[in-house]
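J.: JSON, C-alpha atoms, saved as work_16.json, coming up:
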[["chain", "number", "residue", "atom", "x", "y", "z"],
["A", 30, "MET", "CA", 27.01, 69.80, -51.31],
["A", 31, "ASN", "CA", 27.43, 73.23, -52.87],
["A", 32, "ASN", "CA", 24.73, 75.55, -51.53],
["A", 33, "LYS", "CA", 25.32, 78.01, -54.36],
["A", 34, "ASP", "CA", 24.46, 75.33, -56.89],
["A", 35, "ILE", "CA", 21.19, 74.73, -55.05],
["A", 36, "SER", "CA", 20.28, 78.39, -54.63],
["A", 37, "ASN", "CA", 20.83, 79.01, -58.35],
["A", 38, "LEU", "CA", 18.32, 76.36, -59.41],
["A", 39, "ARG", "CA", 15.44, 78.21, -61.05],
["A", 40, "ILE", "CA", 12.63, 77.45, -63.48],
["A", 41, "HIS", "CA", 10.70, 80.11, -65.38],
["A", 42, "TYR", "CA", 6.99, 79.27, -65.08],
["A", 43, "ASP", "CA", 4.97, 80.36, -68.10],
["A", 44, "LYS", "CA", 3.00, 77.40, -69.46],
["A", 45, "SER", "CA", -0.48, 78.43, -68.40],
["A", 46, "ALA", "CA", -2.66, 80.70, -66.28],
["A", 47, "LEU", "CA", -5.63, 80.20, -63.98],
["A", 48, "SER", "CA", -8.39, 82.80, -63.70],
["A", 49, "GLU", "CA", -11.60, 82.95, -61.75],
["A", 50, "GLU", "CA", -13.49, 82.94, -65.05],
["A", 51, "GLN", "CA", -11.94, 79.55, -65.86],
["A", 52, "ALA", "CA", -12.77, 78.08, -62.47],
["A", 53, "PRO", "CA", -15.89, 75.86, -62.26],
["A", 54, "LEU", "CA", -18.27, 76.03, -59.31],
["A", 55, "SER", "CA", -16.99, 72.74, -57.91],
["A", 56, "PRO", "CA", -13.29, 72.15, -57.12],
["A", 57, "PHE", "CA", -13.80, 68.47, -57.95],
["A", 58, "THR", "CA", -14.52, 69.44, -61.56],
["A", 59, "LEU", "CA", -11.27, 71.40, -61.77],
["A", 60, "PHE", "CA", -9.34, 68.59, -60.05],
["A", 61, "GLU", "CA", -10.64, 66.10, -62.62],
["A", 62, "LEU", "CA", -9.57, 68.40, -65.46],
["A", 63, "TRP", "CA", -6.07, 68.82, -64.04],
["A", 64, "PHE", "CA", -5.75, 65.12, -63.19],
["A", 65, "ASN", "CA", -6.68, 64.12, -66.75],
["A", 66, "GLU", "CA", -4.26, 66.70, -68.10],
["A", 67, "ALA", "CA", -1.53, 65.15, -65.94],
["A", 68, "LYS", "CA", -2.38, 61.64, -67.21],
["A", 69, "GLU", "CA", -2.13, 62.81, -70.80],
["A", 70, "GLY", "CA", 0.81, 65.17, -70.24],
["A", 71, "GLY", "CA", 3.58, 62.75, -69.40],
["A", 72, "ILE", "CA", 3.29, 62.68, -65.61],
["A", 73, "ARG", "CA", 4.45, 59.16, -64.67],
["A", 74, "GLU", "CA", 2.19, 58.72, -61.65],
["A", 75, "PRO", "CA", -0.47, 61.43, -61.66],
["A", 76, "ASN", "CA", -2.11, 59.80, -58.64],
["A", 77, "ALA", "CA", 1.01, 60.12, -56.48],
["A", 78, "MET", "CA", 0.36, 62.54, -53.63],
["A", 79, "VAL", "CA", 2.02, 63.63, -50.41],
["A", 80, "LEU", "CA", -0.12, 62.65, -47.42],
["A", 81, "SER", "CA", 0.69, 64.82, -44.39],
["A", 82, "THR", "CA", -0.47, 63.92, -40.90],
["A", 83, "VAL", "CA", 0.11, 65.35, -37.43],
["A", 84, "SER", "CA", 0.52, 63.45, -34.18],
["A", 85, "ASP", "CA", 1.93, 64.66, -30.85],
["A", 86, "ASN", "CA", 2.29, 68.12, -32.45],
["A", 87, "LYS", "CA", 4.76, 66.75, -35.01],
["A", 88, "PRO", "CA", 4.18, 66.71, -38.78],
["A", 89, "HIS", "CA", 4.75, 63.56, -40.83],
["A", 90, "ALA", "CA", 4.67, 63.26, -44.62],
["A", 91, "ARG", "CA", 5.01, 60.51, -47.21],
["A", 92, "VAL", "CA", 3.96, 59.78, -50.78],
["A", 93, "VAL", "CA", 0.93, 57.52, -51.26],
["A", 94, "LEU", "CA", -1.32, 56.79, -54.23],
["A", 95, "LEU", "CA", -4.79, 58.19, -54.81],
["A", 96, "LYS", "CA", -7.19, 55.33, -55.57],
["A", 97, "GLY", "CA", -10.47, 57.17, -55.98],
["A", 98, "ALA", "CA", -11.85, 60.71, -56.26],
["A", 99, "SER", "CA", -15.44, 61.91, -56.22],
["A", 100, "GLU", "CA", -17.62, 64.62, -54.70],
["A", 101, "ALA", "CA", -17.39, 62.59, -51.48],
["A", 102, "GLY", "CA", -13.62, 62.97, -51.22],
["A", 103, "PHE", "CA", -10.27, 61.36, -51.98],
["A", 104, "GLU", "CA", -9.50, 57.67, -51.32],
["A", 105, "PHE", "CA", -6.29, 55.91, -50.40],
["A", 106, "TYR", "CA", -5.50, 52.53, -48.84],
["A", 107, "THR", "CA", -2.99, 51.37, -46.26],
["A", 108, "ASN", "CA", -2.23, 49.20, -43.25],
["A", 109, "TYR", "CA", -4.24, 50.63, -40.35],
["A", 110, "ASN", "CA", -1.39, 49.66, -37.99],
["A", 111, "SER", "CA", 1.19, 51.61, -39.98],
["A", 112, "ASN", "CA", 2.57, 54.90, -38.70],
["A", 113, "LYS", "CA", 0.15, 56.90, -40.85],
["A", 114, "GLY", "CA", -2.76, 54.70, -39.79],
["A", 115, "LYS", "CA", -1.98, 55.25, -36.11],
["A", 116, "GLN", "CA", -1.44, 58.97, -36.64],
["A", 117, "LEU", "CA", -4.81, 59.32, -38.37],
["A", 118, "SER", "CA", -6.48, 57.48, -35.48],
["A", 119, "GLN", "CA", -4.98, 60.05, -33.10],
["A", 120, "ASN", "CA", -5.73, 63.07, -35.29],
["A", 121, "PRO", "CA", -8.04, 62.61, -38.29],
["A", 122, "PHE", "CA", -7.13, 65.92, -39.92],
["A", 123, "ALA", "CA", -4.71, 65.61, -42.82],
["A", 124, "SER", "CA", -3.64, 67.15, -46.10],
["A", 125, "LEU", "CA", -2.85, 65.91, -49.61],
["A", 126, "THR", "CA", -0.49, 67.58, -52.08],
["A", 127, "PHE", "CA", -0.20, 66.86, -55.80],
["A", 128, "PHE", "CA", 2.66, 68.44, -57.77],
["A", 129, "TYR", "CA", 2.74, 68.17, -61.55],
["A", 130, "ASP", "CA", 6.11, 69.65, -62.44],
["A", 131, "LEU", "CA", 5.77, 69.27, -66.21],
["A", 132, "LEU", "CA", 2.51, 71.21, -66.09],
["A", 133, "GLU", "CA", 3.67, 73.71, -63.46],
["A", 134, "LYS", "CA", 0.63, 72.88, -61.35],
["A", 135, "GLN", "CA", 0.04, 72.01, -57.70],
["A", 136, "VAL", "CA", -3.09, 71.03, -55.76],
["A", 137, "ARG", "CA", -3.32, 71.22, -51.97],
["A", 138, "ILE", "CA", -6.24, 69.53, -50.20],
["A", 139, "GLU", "CA", -7.05, 69.76, -46.49],
["A", 140, "GLY", "CA", -9.77, 68.02, -44.53],
["A", 141, "GLN", "CA", -10.81, 65.26, -42.19],
["A", 142, "VAL", "CA", -10.15, 61.58, -42.81],
["A", 143, "GLN", "CA", -12.51, 58.69, -42.10],
["A", 144, "LYS", "CA", -12.26, 54.96, -42.68],
["A", 145, "LEU", "CA", -14.05, 53.54, -45.70],
["A", 146, "ASN", "CA", -16.60, 50.83, -45.06],
["A", 147, "HIS", "CA", -15.71, 47.14, -45.32],
["A", 148, "GLU", "CA", -17.44, 46.75, -48.68],
["A", 149, "ALA", "CA", -15.34, 49.50, -50.31],
["A", 150, "SER", "CA", -12.12, 48.16, -48.81],
["A", 151, "ASP", "CA", -12.96, 44.60, -49.88],
["A", 152, "ALA", "CA", -13.77, 45.71, -53.43],
["A", 153, "TYR", "CA", -10.48, 47.55, -53.87],
["A", 154, "PHE", "CA", -8.44, 44.82, -52.16],
["A", 155, "HIS", "CA", -9.74, 42.16, -54.54],
["A", 156, "SER", "CA", -9.06, 44.38, -57.56],
["A", 157, "ARG", "CA", -5.33, 44.36, -56.73],
["A", 158, "PRO", "CA", -2.88, 41.86, -58.26],
["A", 159, "ARG", "CA", -2.66, 38.62, -56.28],
["A", 160, "GLY", "CA", 0.93, 39.38, -55.28],
["A", 161, "SER", "CA", -0.11, 42.72, -53.79],
["A", 162, "GLN", "CA", -2.92, 41.03, -51.86],
["A", 163, "ILE", "CA", -0.46, 38.57, -50.33],
["A", 164, "GLY", "CA", 1.93, 41.43, -49.66],
["A", 165, "ALA", "CA", -0.70, 43.08, -47.45],
["A", 166, "TRP", "CA", -0.56, 40.01, -45.22],
["A", 167, "VAL", "CA", 3.25, 39.84, -45.28],
["A", 168, "SER", "CA", 4.02, 43.43, -44.30],
["A", 169, "ASP", "CA", 3.64, 44.70, -40.74],
["A", 170, "GLN", "CA", 4.03, 48.15, -42.21],
["A", 171, "SER", "CA", 6.35, 50.56, -40.38],
["A", 172, "GLN", "CA", 7.54, 47.89, -37.94],
["A", 173, "THR", "CA", 11.25, 47.14, -37.55],
["A", 174, "ILE", "CA", 12.35, 43.86, -39.17],
["A", 175, "PRO", "CA", 15.69, 42.04, -38.85],
["A", 176, "SER", "CA", 16.47, 41.71, -42.58],
["A", 177, "ALA", "CA", 15.14, 41.53, -46.13],
["A", 178, "ALA", "CA", 15.47, 37.75, -45.88],
["A", 179, "PHE", "CA", 12.95, 37.78, -43.03],
["A", 180, "LEU", "CA", 10.42, 39.45, -45.32],
["A", 181, "ASN", "CA", 11.08, 36.96, -48.11],
["A", 182, "GLU", "CA", 10.53, 34.06, -45.71],
["A", 183, "LYS", "CA", 7.19, 35.51, -44.67],
["A", 184, "LEU", "CA", 6.25, 35.95, -48.31],
["A", 185, "GLU", "CA", 6.99, 32.29, -49.04],
["A", 186, "ALA", "CA", 4.97, 31.24, -46.00],
["A", 187, "TYR", "CA", 1.90, 33.24, -47.05],
["A", 188, "GLU", "CA", 2.18, 32.14, -50.68],
["A", 189, "LYS", "CA", 2.05, 28.55, -49.43],
["A", 190, "LYS", "CA", -0.82, 29.34, -47.07],
["A", 191, "PHE", "CA", -2.96, 30.83, -49.85],
["A", 192, "GLU", "CA", -1.84, 28.63, -52.77],
["A", 193, "SER", "CA", -5.07, 26.59, -52.76],
["A", 194, "GLN", "CA", -7.36, 29.63, -52.24],
["A", 195, "GLU", "CA", -8.72, 31.40, -55.28],
["A", 196, "ILE", "CA", -9.93, 34.35, -53.18],
["A", 197, "ILE", "CA", -7.54, 35.80, -50.61],
["A", 198, "PRO", "CA", -9.34, 37.42, -47.68],
["A", 199, "ARG", "CA", -8.60, 41.05, -46.92],
["A", 200, "PRO", "CA", -6.48, 41.42, -43.76],
["A", 201, "PRO", "CA", -8.52, 43.01, -40.96],
["A", 202, "HIS", "CA", -5.74, 45.55, -40.42],
["A", 203, "TRP", "CA", -5.78, 46.77, -44.04],
["A", 204, "GLY", "CA", -8.28, 49.06, -45.72],
["A", 205, "GLY", "CA", -9.21, 52.45, -47.07],
["A", 206, "PHE", "CA", -9.43, 56.02, -45.89],
["A", 207, "LEU", "CA", -11.48, 58.86, -47.34],
["A", 208, "LEU", "CA", -10.28, 62.44, -46.95],
["A", 209, "VAL", "CA", -13.31, 64.74, -46.99],
["A", 210, "PRO", "CA", -11.97, 68.16, -48.00],
["A", 211, "ASP", "CA", -12.68, 71.44, -46.25],
["A", 212, "SER", "CA", -10.48, 73.36, -48.69],
["A", 213, "ILE", "CA", -8.78, 72.74, -52.03],
["A", 214, "GLU", "CA", -6.18, 75.13, -53.44],
["A", 215, "PHE", "CA", -5.09, 75.16, -57.08],
["A", 216, "TRP", "CA", -1.68, 76.67, -57.86],
["A", 217, "GLN", "CA", -0.53, 77.52, -61.37],
["A", 218, "GLY", "CA", 3.06, 78.65, -61.90],
["A", 219, "ARG", "CA", 3.39, 82.11, -63.45],
["A", 220, "PRO", "CA", 6.28, 84.37, -64.53],
["A", 221, "ASN", "CA", 8.21, 86.37, -61.90],
["A", 222, "ARG", "CA", 6.88, 84.06, -59.15],
["A", 223, "LEU", "CA", 3.50, 85.84, -59.35],
["A", 224, "HIS", "CA", 1.70, 82.52, -59.36],
["A", 225, "ASP", "CA", -2.06, 82.02, -59.68],
["A", 226, "ARG", "CA", -3.59, 80.60, -56.48],
["A", 227, "LEU", "CA", -7.31, 79.88, -56.32],
["A", 228, "LEU", "CA", -8.72, 78.57, -53.04],
["A", 229, "TYR", "CA", -12.04, 76.75, -52.68],
["A", 230, "THR", "CA", -13.39, 76.65, -49.11],
["A", 231, "ARG", "CA", -16.41, 74.56, -48.19],
["A", 232, "SER", "CA", -19.48, 76.47, -46.97],
["A", 233, "GLY", "CA", -22.30, 74.05, -46.24],
["A", 234, "GLN", "CA", -23.16, 72.34, -49.52],
["A", 235, "ASN", "CA", -21.39, 75.03, -51.56],
["A", 236, "TRP", "CA", -17.86, 76.28, -52.14],
["A", 237, "ILE", "CA", -16.46, 79.80, -51.75],
["A", 238, "LEU", "CA", -13.80, 80.75, -54.31],
["A", 239, "GLU", "CA", -11.05, 83.24, -53.44],
["A", 240, "ARG", "CA", -7.75, 84.32, -55.02],
["A", 241, "LEU", "CA", -4.67, 84.22, -52.79],
["A", 242, "SER", "CA", -1.58, 86.33, -53.15],
["A", 243, "PRO", "CA", 1.36, 84.24, -54.39]]
Go ahead and render the structure in this file as structure tokens.
T.:
Amino acid sequence: MNNKDISNLRIHYDKSALSEEQAPLSPFTLFELWFNEAKEGGIREPNAMVLSTVSDNKPHARVVLLKGASEAGFEFYTNYNSNKGKQLSQNPFASLTFFYDLLEKQVRIEGQVQKLNHEASDAYFHSRPRGSQIGAWVSDQSQTIPSAAFLNEKLEAYEKKFESQEIIPRPPHWGGFLLVPDSIEFWQGRPNRLHDRLLYTRSGQNWILERLSP
């Protein structure tokens, strides 16, 4: 790999700006505006986000999908026995990062994660395609498996097991998490790398808004 080719990669950011006057009182309002802009602006998966966790003083990151957003927080679903599930049980503090390259925007969210209740997890599980529901039973997420054929055999076994059942039960090891944010930062690319960065920090029931140096 040619390091010079990498170091010379540059994009001139100039599509938009973000001022305090534009910023609503609630960061959730601004997130909804940016999320809708991403949906309409050609972003293939606007709900794709990097979930970062920490366990044993080591950071871990992966892309997951946002499945709900409200004033309460940000929802995602997974296998509780997966690496991220275990890491969140050890340390419930995590961060989410959205990057919308076509819009030159980024959102960083930090806070504490808690499990969603059974009713919320059941409701989302049964909204998924049947194949995805069966897949939640098939996959021991993050565990080592001998081959792809092994996974296919398990899939066939569970398809047979559930073939006469209209409603597939949610696996007890699968469900939702809610990240309750303490801070949300909005980043808008600007010329000369003098980017706009507005940080919302929770203060009781309110939010404090500050501008950060790029």
J.: Which one of A:Glu214, A:Glu133, A:Asp34, A:Asp85 sits closest to Ser55 in chain A if you count all atoms listed in the file?
T.: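 Selected residue with least distance to Ser55 in chain A: A:Glu214.
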J.: State, in Å with one decimal place, the distance from CA of Met78 in chain A to CA of Ser124 in chain A.
T.: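 According to the coordinates, CA of Met78 in chain A and CA of Ser124 in chain A are separated by 9.7 Å.
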J.: Using only C-alpha atoms, determine which residues lie at most 7 Å from Gly102 in chain A, disregarding the query and same-chain residues fewer than 3 positions distant; provide the list as a PyMOL selection string.
T.: chain A and resi 98-99+207-210
J.: Nearest residue to Phe191 in chain A out of A:Phe103, A:Phe128, A:Trp203, A:Trp166, using only C-alpha atoms?
T.: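 Between A:Phe103, A:Phe128, A:Trp203, A:Trp166, the residue approaching Phe191 in chain A most closely is A:Trp166.
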J.: Using all atoms listed in the file, which of the listed residues (A:Gln119, A:Asn76, A:Asn31, A:Asn112) sits closest to Ala90 in chain A?
T.: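 Counting all atoms listed in the file, the residue closest to Ala90 in chain A is A:Asn112.
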J.: Suppose you want the space between CA of Glu188 in chain A and CA of Asn146 in chain A; what is it in Å?
T.: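 These atoms are spaced 27.1 Å apart.
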J.: What separation in Å, quoted to one decimal, exists between CA of Ile72 in chain A and CA of Arg157 in chain A?
T.: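 We find that CA of Ile72 in chain A and CA of Arg157 in chain A lie 22.1 Å from each other.
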J.: Can you list, as an MDAnalysis selection string, every protein, DNA or RNA residue that comes within 6 Å of range 227-233 of chain A when you count all atoms listed in the file, leaving out same-chain residues fewer than 2 positions away?
T.: chainID A and resid 211:215 235:240
J.: Pick from A:Asn181, A:Thr126, A:Asn65, A:Thr58: nearest to Val93 in chain A, with all atoms listed in the file counted?
T.: A:Thr126
J.: Measuring between all atoms listed in the file, which one of A:Ser242, A:Ser171, A:Asn221, A:Gln143 shows the shortest distance to Asn108 in chain A?
T.: A:Ser171
J.: Could you check which of A:Lys44, A:Lys68, A:Arg91, A:Lys96 is closest to Lys113 in chain A, using all atoms listed in the file?
T.: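 Among the listed residues, the smallest separation from Lys113 in chain A belongs to A:Arg91.
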J.: Using all atoms listed in the file, find all polymer residues with an atom at most 8 Å away from the point (0.4, 68.9, -55.6); report them as a VMD selection string.
T.: chain A and resid 78 to 79 125 to 129 134 to 137
J.: Show me, as a ChimeraX atom specification, the residues that have an atom within 12 Å of Lys189 in chain A when counting all atoms listed in the file, minus same-chain residues fewer than 6 positions from it.
T.: /A:163,182-183
J.: At a cut-off of 12 Å from (2.1, 46.7, -45.5) in the coordinates of the file, what residues are picked up using all atoms listed in the file, written as a PyMOL selection string?
T.: chain A and resi 106-114+161-172+180+184+200+202-204
J.: Got a sec: who's within 12 Å of Leu223 in chain A, counting all atoms listed in the file, leaving out chain neighbours fewer than 4 positions off, as a VMD selection string?
T.: chain A and resid 41 to 43 46 to 47 216 to 219 241 to 243
J.: Convert the current residue selection to file output with C-alpha atoms, as a short mmCIF file (atom, residue, chain, number, x, y, z; two decimals), keeping the file's coordinate frame.
T.:
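See out32.cif below for the written result:
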data_model
loop_
_atom_site.label_atom_id
_atom_site.label_comp_id
_atom_site.auth_asym_id
_atom_site.auth_seq_id
_atom_site.Cartn_x
_atom_site.Cartn_y
_atom_site.Cartn_z
CA HIS A 41 10.70 80.11 -65.38
CA TYR A 42 6.99 79.27 -65.08
CA ASP A 43 4.97 80.36 -68.10
CA ALA A 46 -2.66 80.70 -66.28
CA LEU A 47 -5.63 80.20 -63.98
CA TRP A 216 -1.68 76.67 -57.86
CA GLN A 217 -0.53 77.52 -61.37
CA GLY A 218 3.06 78.65 -61.90
CA ARG A 219 3.39 82.11 -63.45
CA LEU A 241 -4.67 84.22 -52.79
CA SER A 242 -1.58 86.33 -53.15
CA PRO A 243 1.36 84.24 -54.39
#
J.: I want to know what sits within 8 Å of His155 in chain A, based on all atoms listed in the file, with residues of the same chain fewer than 6 positions away left out; could you give that as a ChimeraX atom specification?
T.: /A:162,196-197,199
J.: Go ahead and save the picked residues with C-alpha atoms, as a PDB file, keeping the file's coordinate frame.
T.:
ATOM      1  CA  GLN A 162      -2.920  41.030 -51.860  1.00  0.00           C
ATOM      2  CA  ILE A 196      -9.930  34.350 -53.180  1.00  0.00           C
ATOM      3  CA  ILE A 197      -7.540  35.800 -50.610  1.00  0.00           C
ATOM      4  CA  ARG A 199      -8.600  41.050 -46.920  1.00  0.00           C
TER       5      ARG A 199
END
